[in-house]
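Student: Contents of upload-v3.cif (mmCIF, C-alpha atoms and all ligand atoms) are below:
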data_data
#
loop_
_atom_site.label_atom_id
_atom_site.label_comp_id
_atom_site.auth_asym_id
_atom_site.auth_seq_id
_atom_site.Cartn_x
_atom_site.Cartn_y
_atom_site.Cartn_z
CA ALA A 1 -36.99 -2.78 -9.82
CA LYS A 2 -37.78 0.86 -10.27
CA LEU A 3 -41.55 1.13 -9.92
CA ALA A 4 -41.77 4.74 -8.90
CA GLY A 5 -45.51 4.91 -8.47
CA ARG A 6 -47.05 6.62 -5.47
CA GLY A 7 -46.22 4.87 -2.22
CA THR A 8 -43.88 2.42 -3.85
CA PHE A 9 -40.20 2.05 -3.08
CA ARG A 10 -37.98 4.26 -5.20
CA PHE A 11 -34.69 2.64 -5.85
CA PHE A 12 -32.96 5.85 -6.86
CA THR A 13 -33.29 8.27 -3.99
CA PRO A 14 -32.13 11.86 -4.45
CA THR A 15 -29.08 11.25 -2.26
CA MET A 16 -28.07 8.22 -4.28
CA ASP A 17 -28.42 10.28 -7.43
CA ALA A 18 -26.09 12.89 -6.00
CA ARG A 19 -23.63 10.22 -4.99
CA ALA A 20 -23.77 8.55 -8.39
CA GLN A 21 -23.21 11.92 -10.02
CA ALA A 22 -20.22 12.71 -7.83
CA ARG A 23 -18.85 9.31 -8.64
CA SER A 24 -19.18 9.68 -12.40
CA ARG A 25 -17.60 13.14 -12.13
CA LEU A 26 -14.70 11.57 -10.24
CA ALA A 27 -14.43 8.77 -12.80
CA GLY A 28 -14.29 11.31 -15.63
CA GLU A 29 -11.52 13.24 -13.95
CA LEU A 30 -9.68 10.05 -13.05
CA SER A 31 -9.60 8.89 -16.65
CA ASP A 32 -7.63 12.02 -17.60
CA ALA A 33 -5.50 12.32 -14.48
CA LEU A 34 -2.42 10.60 -15.89
CA GLU A 35 -2.36 12.79 -18.99
CA HIS A 36 -2.67 15.87 -16.81
CA ASP A 37 0.12 14.73 -14.54
CA GLU A 38 -2.10 14.90 -11.47
CA PHE A 39 -0.61 11.96 -9.58
CA SER A 40 2.35 12.06 -7.28
CA LEU A 41 3.94 9.76 -4.76
CA VAL A 42 4.68 10.41 -1.12
CA TYR A 43 7.06 8.33 0.93
CA GLN A 44 6.49 7.11 4.47
CA PRO A 45 9.66 6.16 6.35
CA VAL A 46 9.91 2.54 7.52
CA ILE A 47 12.00 2.27 10.68
CA ASP A 48 14.18 -0.63 11.78
CA MET A 49 13.02 -1.16 15.37
CA ALA A 50 16.27 -2.53 16.78
CA SER A 51 18.57 0.21 15.45
CA GLY A 52 16.11 3.07 14.98
CA VAL A 53 17.46 3.83 11.50
CA VAL A 54 15.35 4.43 8.40
CA ALA A 55 15.30 1.16 6.50
CA GLY A 56 13.22 2.34 3.58
CA ALA A 57 9.94 3.87 2.56
CA GLU A 58 6.48 2.91 1.40
CA ALA A 59 5.40 4.79 -1.72
CA LEU A 60 1.81 6.04 -1.42
CA LEU A 61 -0.20 7.48 -4.27
CA ARG A 62 -1.64 11.00 -4.17
CA TRP A 63 -4.12 12.57 -6.59
CA GLN A 64 -4.49 16.34 -6.85
CA ASN A 65 -7.20 17.14 -9.38
CA ARG A 66 -7.19 20.60 -10.90
CA TYR A 67 -10.93 21.12 -10.22
CA ILE A 68 -11.78 18.93 -7.25
CA GLY A 69 -8.52 19.27 -5.31
CA ALA A 70 -6.89 16.47 -3.32
CA ILE A 71 -8.78 13.18 -3.32
CA ASN A 72 -8.18 10.49 -0.72
CA PRO A 73 -6.70 7.19 -2.02
CA GLU A 74 -9.30 5.24 -0.03
CA GLN A 75 -11.79 6.93 -2.33
CA PHE A 76 -10.09 6.87 -5.71
CA VAL A 77 -8.03 3.65 -5.60
CA PRO A 78 -11.14 1.40 -5.49
CA LEU A 79 -12.68 3.47 -8.29
CA ALA A 80 -9.48 3.23 -10.34
CA GLU A 81 -9.60 -0.53 -9.78
CA GLU A 82 -13.16 -0.81 -11.08
CA MET A 83 -12.40 1.38 -14.09
CA GLY A 84 -9.25 -0.52 -14.96
CA MET A 85 -7.35 2.75 -14.57
CA ILE A 86 -5.24 1.19 -11.84
CA LEU A 87 -3.32 -0.65 -14.58
CA PRO A 88 -1.76 2.40 -16.30
CA ILE A 89 -1.50 4.15 -12.92
CA GLY A 90 0.36 1.14 -11.58
CA GLU A 91 2.83 1.24 -14.47
CA TRP A 92 3.38 4.93 -13.89
CA LEU A 93 3.92 4.62 -10.16
CA THR A 94 6.20 1.59 -10.39
CA LEU A 95 8.52 3.57 -12.64
CA ALA A 96 8.24 6.73 -10.53
CA ALA A 97 8.98 4.88 -7.29
CA CYS A 98 11.98 3.03 -8.76
CA ARG A 99 13.31 6.28 -10.18
CA GLU A 100 13.08 7.97 -6.79
CA ALA A 101 14.70 5.02 -4.99
CA MET A 102 17.54 5.09 -7.51
CA ALA A 103 17.96 8.84 -6.99
CA TRP A 104 18.48 8.26 -3.23
CA GLN A 105 21.76 6.57 -4.08
CA GLY A 106 23.07 9.65 -5.86
CA CYS A 107 22.14 12.22 -3.20
CA GLY A 108 23.66 10.78 -0.04
CA VAL A 109 20.55 9.00 1.20
CA GLY A 110 22.03 5.73 -0.01
CA PRO A 111 20.40 2.44 -0.91
CA LEU A 112 17.09 2.12 0.93
CA ARG A 113 14.21 -0.28 0.41
CA ILE A 114 11.17 0.95 -1.49
CA ALA A 115 7.74 -0.66 -1.02
CA ILE A 116 5.12 -0.38 -3.77
CA ASN A 117 1.42 -1.20 -3.36
CA VAL A 118 -0.17 -3.37 -6.01
CA SER A 119 -3.90 -3.95 -6.14
CA PRO A 120 -5.44 -7.37 -6.80
CA ARG A 121 -6.54 -6.30 -10.27
CA GLN A 122 -2.99 -5.33 -11.22
CA VAL A 123 -1.78 -8.80 -10.33
CA GLN A 124 -4.69 -10.55 -12.01
CA GLN A 125 -4.79 -8.56 -15.23
CA THR A 126 -1.20 -7.60 -15.89
CA ASP A 127 2.22 -9.14 -15.77
CA ILE A 128 3.50 -7.27 -12.71
CA ALA A 129 6.89 -8.98 -12.92
CA GLU A 130 7.30 -7.59 -16.44
CA THR A 131 6.20 -4.09 -15.33
CA LEU A 132 8.71 -4.21 -12.50
CA ARG A 133 11.47 -5.61 -14.68
CA ARG A 134 11.05 -2.78 -17.17
CA ALA A 135 11.12 -0.16 -14.40
CA LEU A 136 14.27 -1.72 -12.96
CA ASP A 137 15.91 -1.82 -16.40
CA GLU A 138 15.01 1.77 -17.09
CA THR A 139 16.20 3.12 -13.75
CA GLY A 140 19.06 0.76 -12.89
CA LEU A 141 17.57 0.04 -9.46
CA SER A 142 18.37 -3.34 -7.92
CA ALA A 143 15.36 -5.63 -7.48
CA SER A 144 16.71 -6.53 -4.04
CA LEU A 145 15.64 -3.06 -2.87
CA VAL A 146 12.01 -3.47 -3.95
CA THR A 147 9.11 -4.79 -1.89
CA VAL A 148 5.77 -5.43 -3.56
CA GLU A 149 2.84 -5.13 -1.14
CA ILE A 150 -0.12 -7.35 -1.94
CA THR A 151 -3.41 -7.63 -0.07
CA GLU A 152 -4.84 -10.60 1.75
CA SER A 153 -7.89 -10.38 -0.52
CA LEU A 154 -5.71 -11.21 -3.54
CA ILE A 155 -4.49 -14.33 -1.82
CA LEU A 156 -7.99 -15.33 -0.74
CA GLY A 157 -9.28 -15.88 -4.25
CA ALA A 158 -6.00 -16.71 -5.92
CA GLY A 159 -5.30 -19.61 -8.20
CA ALA A 160 -2.08 -21.10 -9.46
CA GLU A 161 -1.68 -18.35 -12.03
CA VAL A 162 -1.45 -15.65 -9.33
CA VAL A 163 1.05 -17.74 -7.40
CA ARG A 164 3.19 -18.07 -10.56
CA LYS A 165 3.03 -14.32 -11.17
CA LEU A 166 4.19 -13.59 -7.64
CA GLU A 167 6.94 -16.17 -7.95
CA ARG A 168 8.19 -14.36 -11.04
CA VAL A 169 8.34 -11.12 -9.03
CA ARG A 170 10.36 -12.94 -6.44
CA ASP A 171 12.59 -14.54 -9.07
CA LEU A 172 13.61 -11.04 -10.11
CA GLY A 173 14.96 -10.63 -6.59
CA ALA A 174 12.15 -8.49 -5.13
CA THR A 175 10.42 -9.12 -1.82
CA ILE A 176 6.70 -9.73 -1.31
CA ALA A 177 4.78 -8.36 1.67
CA VAL A 178 1.20 -9.08 2.74
CA ASP A 179 -0.45 -5.75 3.61
CA ASP A 180 -3.07 -5.27 6.34
CA PHE A 181 -2.31 -8.75 7.59
CA GLY A 182 -4.97 -10.22 9.86
CA THR A 183 -7.93 -8.31 8.46
CA GLY A 184 -8.80 -10.73 5.67
CA TYR A 185 -10.26 -14.10 6.25
CA ALA A 186 -7.71 -16.08 4.35
CA SER A 187 -6.68 -19.28 6.03
CA LEU A 188 -3.19 -19.32 7.44
CA SER A 189 -2.33 -22.33 5.31
CA TYR A 190 -2.04 -20.07 2.27
CA LEU A 191 1.21 -18.72 3.69
CA LYS A 192 2.72 -22.10 2.93
CA HIS A 193 1.80 -21.90 -0.75
CA PHE A 194 2.52 -18.23 -1.34
CA PRO A 195 5.89 -16.66 -1.94
CA VAL A 196 5.64 -14.23 0.98
CA ASP A 197 8.59 -12.61 2.81
CA VAL A 198 6.98 -9.94 5.00
CA LEU A 199 3.79 -9.58 7.06
CA LYS A 200 2.48 -6.09 7.73
CA ILE A 201 0.33 -6.04 10.86
CA ASP A 202 -2.79 -4.02 10.14
CA ARG A 203 -2.92 -0.72 11.95
CA SER A 204 -6.30 -1.52 13.51
CA PHE A 205 -4.52 -4.06 15.77
CA VAL A 206 -1.71 -1.66 16.59
CA ALA A 207 -4.23 1.05 17.49
CA GLU A 208 -5.82 -1.24 20.09
CA ALA A 209 -2.68 -3.01 21.29
CA LEU A 210 -2.55 -1.30 24.67
CA ALA A 211 -6.30 -1.06 25.28
CA ASN A 212 -7.44 -4.48 24.18
CA SER A 213 -5.76 -7.69 25.27
CA GLU A 214 -7.18 -9.65 22.31
CA ASP A 215 -5.50 -7.27 19.88
CA ALA A 216 -2.30 -7.51 21.92
CA ARG A 217 -2.34 -11.30 21.72
CA LEU A 218 -3.14 -11.20 17.98
CA ILE A 219 -0.09 -9.04 17.40
CA GLU A 220 2.06 -11.44 19.40
CA ALA A 221 0.68 -14.35 17.38
CA ILE A 222 1.34 -12.63 14.04
CA ILE A 223 4.94 -11.84 15.03
CA ALA A 224 5.50 -15.42 16.19
CA LEU A 225 3.89 -16.81 13.04
CA GLY A 226 5.91 -14.59 10.73
CA HIS A 227 9.18 -15.38 12.47
CA SER A 228 8.49 -19.11 12.58
CA LEU A 229 8.08 -19.00 8.79
CA GLY A 230 11.26 -16.97 8.35
CA MET A 231 9.44 -13.74 7.54
CA LYS A 232 9.98 -10.17 8.69
CA VAL A 233 7.12 -8.41 10.46
CA VAL A 234 6.21 -4.73 10.09
CA GLY A 235 3.97 -2.87 12.51
CA GLU A 236 1.79 -0.28 10.75
CA GLY A 237 0.08 2.82 12.06
CA VAL A 238 2.40 3.26 15.05
CA GLU A 239 1.33 6.58 16.55
CA THR A 240 2.63 6.55 20.12
CA PHE A 241 5.78 5.76 22.04
CA GLU A 242 3.84 3.09 23.97
CA GLN A 243 2.82 1.33 20.75
CA GLN A 244 6.41 1.50 19.52
CA MET A 245 7.66 -0.08 22.77
CA PHE A 246 4.94 -2.71 22.73
CA LEU A 247 6.04 -3.85 19.25
CA ALA A 248 9.78 -3.54 19.90
CA GLU A 249 9.54 -5.61 23.09
CA ARG A 250 7.79 -8.36 21.15
CA GLY A 251 10.45 -8.53 18.46
CA CYS A 252 8.61 -6.76 15.65
CA ASP A 253 11.27 -6.02 13.04
CA LEU A 254 10.10 -2.82 11.38
CA ALA A 255 7.57 -0.08 11.99
CA GLN A 256 5.92 2.83 10.29
CA GLY A 257 3.44 5.42 11.47
CA TYR A 258 2.94 8.99 12.58
CA ARG A 259 5.09 8.29 15.66
CA PHE A 260 8.04 8.42 13.25
CA SER A 261 6.70 10.35 10.29
CA PRO A 262 3.65 10.78 8.07
CA PRO A 263 4.11 10.09 4.35
CA LEU A 264 6.38 12.83 2.95
CA ALA A 265 6.89 14.48 -0.43
CA ALA A 266 10.02 13.13 -2.14
CA GLU A 267 12.23 16.05 -1.15
CA ARG A 268 11.03 16.04 2.47
CA PHE A 269 11.66 12.30 2.71
CA ARG A 270 15.28 12.78 1.64
CA GLU A 271 15.71 15.51 4.26
CA PHE A 272 14.11 13.28 6.89
CA VAL A 273 16.62 10.50 6.22
CA LEU A 274 19.63 12.81 6.24
CA GLN A 275 18.47 14.58 9.42
CA SER A 276 17.76 11.28 11.16
CA ARG A 277 21.45 10.43 10.81
CA ALA A 278 22.80 13.81 11.92
P1 LIG B 301 -2.04 1.08 3.07
O1 LIG B 301 -1.22 0.49 1.98
O2 LIG B 301 -2.34 0.24 4.26
O3 LIG B 301 -1.26 2.40 3.47
C1 LIG B 301 -1.11 2.86 4.78
C2 LIG B 301 -2.04 4.01 5.05
O4 LIG B 301 -1.97 4.35 6.45
C3 LIG B 301 -1.67 5.28 4.29
O5 LIG B 301 -2.87 5.96 3.95
C4 LIG B 301 -0.91 6.07 5.35
O6 LIG B 301 -0.90 7.46 5.12
C5 LIG B 301 -1.69 5.73 6.59
N1 LIG B 301 -0.90 5.87 7.81
C6 LIG B 301 0.44 5.84 7.95
N2 LIG B 301 0.80 5.98 9.23
C7 LIG B 301 -0.35 6.11 9.95
C8 LIG B 301 -0.63 6.28 11.35
O7 LIG B 301 0.27 6.33 12.21
N3 LIG B 301 -1.95 6.35 11.70
C9 LIG B 301 -2.95 6.28 10.79
N4 LIG B 301 -4.20 6.38 11.23
N5 LIG B 301 -2.71 6.11 9.47
C10 LIG B 301 -1.43 6.03 9.05
P2 LIG B 301 -3.12 6.48 2.48
O8 LIG B 301 -1.85 7.00 1.91
O9 LIG B 301 -4.31 7.36 2.56
O10 LIG B 301 -3.47 5.16 1.68
C11 LIG B 301 -4.63 4.45 1.96
C12 LIG B 301 -4.69 3.17 1.18
O11 LIG B 301 -4.81 3.46 -0.22
C13 LIG B 301 -3.44 2.32 1.28
O12 LIG B 301 -3.44 1.61 2.47
C14 LIG B 301 -3.59 1.46 0.04
O13 LIG B 301 -4.51 0.42 0.26
C15 LIG B 301 -4.16 2.44 -0.95
N6 LIG B 301 -3.05 2.99 -1.75
C16 LIG B 301 -2.28 4.06 -1.48
N7 LIG B 301 -1.33 4.21 -2.43
C17 LIG B 301 -1.51 3.19 -3.31
C18 LIG B 301 -0.85 2.79 -4.51
O14 LIG B 301 0.16 3.37 -4.94
N8 LIG B 301 -1.34 1.68 -5.17
C19 LIG B 301 -2.41 0.99 -4.70
N9 LIG B 301 -2.81 -0.07 -5.38
N10 LIG B 301 -3.04 1.33 -3.56
C20 LIG B 301 -2.60 2.41 -2.88
CA CA B 302 -12.70 12.62 -19.37
CA CA B 303 0.60 -0.71 1.91
CA CA B 304 -1.47 -1.41 5.31
#
Please, can you express the file's structure as structure tokens?

Tutor:
Amino acid sequence: AKLAGRGTFRFFTPTMDARAQARSRLAGELSDALEHDEFSLVYQPVIDMASGVVAGAEALLRWQNRYIGAINPEQFVPLAEEMGMILPIGEWLTLAACREAMAWQGCGVGPLRIAINVSPRQVQQTDIAETLRRALDETGLSASLVTVEITESLILGAGAEVVRKLERVRDLGATIAVDDFGTGYASLSYLKHFPVDVLKIDRSFVAEALANSEDARLIEAIIALGHSLGMKVVGEGVETFEQQMFLAERGCDLAQGYRFSPPLAAERFREFVLQSRA
């Protein structure tokens, strides 16, 4: 469909060319990023709402390329998914996150829960239970301290094989959370068939909780739904005291967001936990 004659529609506009170029540049750098040790993890504290103590952390991936600089995960994670690079990256980060969580126990932070994000492709194309089992073996971390965050989109198109894979993760003793809950269009009935322990309320609802009564009622419904199914509920993207109170008053179990702390480098996270207890 590229008839570039005079007056005809040109499929490849100059701006699309530039974008495609930037993208292939990024892909090239991404394919070497593991070898060059360009990834790191940051840790965002997850707060227990009733007690106010740090209950754990979510590990979030960071990429600092030596030429381009820092690249946003919203930009490179989808690209890594398409390229299949998310598979080796996922192996790397599972081990790195377990290693850090194990180190907390030797430095006075103590046993805290670590949440790891897994993309749909990682679940579909690898044995995530086996990846996790190896990381646990290698580090000595207890599976009971690990939460695997999956997306609603994984569940949406999932067959029995995906369910079995997630059940194996759970059989190890790890916990499964549904990330960005409420943004997908999966039917609620899937919750019955999926081994899910935690719902994470998407931050778009939290952001509007006090301004928009529909968002407020959605949050209340998600908390009620989660609790009625014996799940814990996490509020994400909590930025203000008012949002924190809104969630706490409605029985939301855990929260994370800039109100408490942004994601922190490993060392800063340890300091945050120790200072929060002082
Ligand atoms: P997510 O899993 O929903 O992660 C939460 C995102 O919200 C993080 O962005 C975090 O920095 C940001 N955030 C935390 N608190 C607040 C707040 O109070 N307000 C606002 N506006 N944002 C807040 P980040 O680190 O840029 O990650 C973006 C997305 O990239 C993640 O969304 C996840 O989908 C993906 N991602 C990040 N790390 C990984 C990873 O290790 N593996 C995979 N598969 N995906 C990852
Ligand atoms: Ca290359
Ligand atoms: Ca997440
Ligand atoms: Ca999320």

Student: List the neighbours of region 79-89 of chain A out to 10 Å using only C-alpha atoms; skip same-chain residues closer than 2 positions along the sequence, and give me the result as a list in words.

Tutor: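 My reading of the contact set: Arg23, Ser24, Leu26, Ala27, Leu30, Ser31, Asp32, Ala33, Leu34, Phe39, Leu61, Pro73, Glu74, Gln75, Phe76, Val77, Glu91, Trp92, Leu93, Thr94, Val118, Ser119, Pro120, Arg121, Gln122, Val123, Gln125, Thr126 and Ile128 of chain A.
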
Student: What's the 10 Å shell around Gly182 (chain A), counting all atoms listed in the file, without same-chain residues fewer than 6 positions away, as a list in words?

Tutor: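 Here the qualifying residues turn out to be Glu152, Leu188, Leu199, Lys200, Ile201, Asp202, Arg203, Ser204, Phe205, Leu218, Ile219 and Ile222 of chain A.
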
Student: Pick the closest to ligand LIG 301 (chain B) from A:Glu208, A:Glu267, A:Glu35, A:Asp48: which is it, counting all atoms listed in the file?

Tutor: A:Glu208

Student: For Leu154 (chain A), which residue among A:Val233, A:Phe246, A:Arg66, A:Asp180 is the nearest when counting all atoms listed in the file?

Tutor: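 With all atoms listed in the file as the atom set, the closest residue is A:Asp180.
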
Student: Nearest to Leu141 (chain A) among A:Gln105, A:Asn117, A:Gln275, A:Gln256, with distances taken over only C-alpha atoms: which residue is it?

Tutor: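 Answer, going by the shortest atom-to-atom distance: A:Gln105.
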
Student: Given the choices A:Gln44, A:Ser144, A:Thr131, A:Gln124, which gets closest to ligand CA 304 (chain B) if the distance is worked out from all atoms listed in the file?

Tutor: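 So, comparing all the options, the nearest one is A:Gln44.
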
Student: Find the nearest atom pair between each residue of chain A and ligand CA 303 (chain B) for residues within 8 Å, count all atoms listed in the file, give distances in Å to one decimal, sort rows by chain and ascending number, and present the table as CSV.

Tutor:
residue,atom,partner,partner_atom,distance
A:Glu58,CA,B:CA303,CA,6.9
A:Leu60,CA,B:CA303,CA,7.6
A:Ala115,CA,B:CA303,CA,7.7
A:Ile116,CA,B:CA303,CA,7.3
A:Asn117,CA,B:CA303,CA,5.4
A:Glu149,CA,B:CA303,CA,5.8
A:Ile150,CA,B:CA303,CA,7.7
A:Asp179,CA,B:CA303,CA,5.4
A:Asp180,CA,B:CA303,CA,7.3

Student: For region 243-245 of chain A, find every residue with an atom within 8 Å (counting all atoms listed in the file), except residues of its own chain fewer than 4 positions away, and show them as a short mmCIF file (atom, residue, chain, number, x, y, z; two decimals) with C-alpha atoms, keeping the file's coordinate frame.

Tutor:
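Ended up saving to selection-v3.cif:
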data_model
loop_
_atom_site.label_atom_id
_atom_site.label_comp_id
_atom_site.auth_asym_id
_atom_site.auth_seq_id
_atom_site.Cartn_x
_atom_site.Cartn_y
_atom_site.Cartn_z
CA VAL A 206 -1.71 -1.66 16.59
CA ALA A 207 -4.23 1.05 17.49
CA ALA A 209 -2.68 -3.01 21.29
CA LEU A 210 -2.55 -1.30 24.67
CA VAL A 238 2.40 3.26 15.05
CA GLU A 239 1.33 6.58 16.55
CA GLU A 249 9.54 -5.61 23.09
CA ALA A 255 7.57 -0.08 11.99
CA ARG A 259 5.09 8.29 15.66
#

Student: Which residue out of A:Val178, A:Leu225, A:Leu274, A:Ala265 has the minimum interatomic distance to ligand CA 304 (chain B) when all atoms listed in the file are used?

Tutor: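 Among the listed residues, A:Val178 lies closest to ligand CA 304 (chain B).
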
Student: Write out as a list in words which residues come within 8 Å of His193 (chain A) when counting all atoms listed in the file, dropping same-chain ones fewer than 3 positions away.

Tutor: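 Counting all atoms listed in the file, the residues come to Val163, Ser189 and Tyr190 of chain A.
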
Student: Of the candidates A:Gly90, A:Gly52, A:Pro263, A:Gly230, which shows the shortest atom-to-atom distance to Ala135 (chain A), using only C-alpha atoms?

Tutor: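 Among the listed residues, A:Gly90 lies closest to Ala135 (chain A).
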
Student: Distance CA of Ser51 (chain A)-CA of Gly257 (chain A), one decimal place?

Tutor: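 According to the coordinates, CA of Ser51 (chain A) and CA of Gly257 (chain A) are separated by 16.5 Å.
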
Student: Between CA of Leu254 (chain A) and CA of Ile47 (chain A), what is the distance in Å, rounded to a tenth?

Tutor: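 Going from CA of Leu254 (chain A) over to CA of Ile47 (chain A) covers 5.5 Å.
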
Student: Measure the distance from atom C9 of ligand LIG 301 (chain B) to CA of Thr151 (chain A) in Å and round it to one decimal.

Tutor: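 Going from atom C9 of ligand LIG 301 (chain B) over to CA of Thr151 (chain A) covers 17.7 Å.
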
Student: Within 10 Å of (2.1, -18.7, -2.6) (coordinates as in the file), grab all the protein and nucleic acid residues, counting all atoms listed in the file, and write them out as a list of chain:residue names.

Tutor: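 Nearby residues: A:Ile155, A:Ala158, A:Gly159, A:Ala160, A:Val162, A:Val163, A:Arg164, A:Lys165, A:Leu166, A:Glu167, A:Ser189, A:Tyr190, A:Leu191, A:Lys192, A:His193, A:Phe194, A:Pro195, A:Val196.
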
Student: Using 4 Å of padding on each side, determine the axis-aligned box around all atoms of region 98-102 of chain A present in the file and give its centre and edge lengths in Å to one decimal, as JSON.

Tutor:
{"center_x": 14.8, "center_y": 5.5, "center_z": -7.6, "size_x": 13.6, "size_y": 12.9, "size_z": 13.2}

Student: Can you tell me, as a ChimeraX atom specification, what residues are no more than 7 Å from Ala57 (chain A) when counting only C-alpha atoms, ignoring any on the same chain fewer than 2 positions away?

Tutor: /A:43-46,59,113-115

Student: Can region 100-111 of chain A be brought up to N, CA, C and O atoms and written out as a tab-separated table (two decimals), in the coordinates of the input?

Tutor:
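Below is the file selection_26.tsv, written as the result:
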chain	number	residue	atom	x	y	z
A	100	GLU	N	12.77	7.26	-8.03
A	100	GLU	CA	13.08	7.97	-6.79
A	100	GLU	C	14.05	7.16	-5.92
A	100	GLU	O	15.02	7.71	-5.39
A	101	ALA	N	13.82	5.86	-5.81
A	101	ALA	CA	14.70	5.02	-4.99
A	101	ALA	C	16.11	5.00	-5.56
A	101	ALA	O	17.10	4.95	-4.82
A	102	MET	N	16.22	5.03	-6.88
A	102	MET	CA	17.54	5.09	-7.51
A	102	MET	C	18.20	6.42	-7.21
A	102	MET	O	19.41	6.49	-6.95
A	103	ALA	N	17.41	7.50	-7.23
A	103	ALA	CA	17.96	8.84	-6.99
A	103	ALA	C	18.52	8.96	-5.57
A	103	ALA	O	19.47	9.72	-5.34
A	104	TRP	N	17.96	8.21	-4.61
A	104	TRP	CA	18.48	8.26	-3.23
A	104	TRP	C	19.96	7.92	-3.20
A	104	TRP	O	20.71	8.44	-2.38
A	105	GLN	N	20.38	7.04	-4.10
A	105	GLN	CA	21.76	6.57	-4.08
A	105	GLN	C	22.72	7.64	-4.58
A	105	GLN	O	23.91	7.60	-4.30
A	106	GLY	N	22.20	8.61	-5.33
A	106	GLY	CA	23.07	9.65	-5.86
A	106	GLY	C	23.05	10.94	-5.03
A	106	GLY	O	23.73	11.90	-5.36
A	107	CYS	N	22.27	10.96	-3.95
A	107	CYS	CA	22.14	12.22	-3.20
A	107	CYS	C	22.49	12.03	-1.73
A	107	CYS	O	22.10	12.85	-0.89
A	108	GLY	N	23.20	10.96	-1.42
A	108	GLY	CA	23.66	10.78	-0.04
A	108	GLY	C	22.70	10.03	0.86
A	108	GLY	O	23.05	9.66	1.97
A	109	VAL	N	21.49	9.78	0.40
A	109	VAL	CA	20.55	9.00	1.20
A	109	VAL	C	21.01	7.54	1.23
A	109	VAL	O	20.95	6.87	2.25
A	110	GLY	N	21.50	7.09	0.08
A	110	GLY	CA	22.03	5.73	-0.01
A	110	GLY	C	20.96	4.73	-0.39
A	110	GLY	O	19.80	5.09	-0.59
A	111	PRO	N	21.36	3.45	-0.51
A	111	PRO	CA	20.40	2.44	-0.91
A	111	PRO	C	19.41	2.14	0.21
A	111	PRO	O	19.79	1.69	1.28
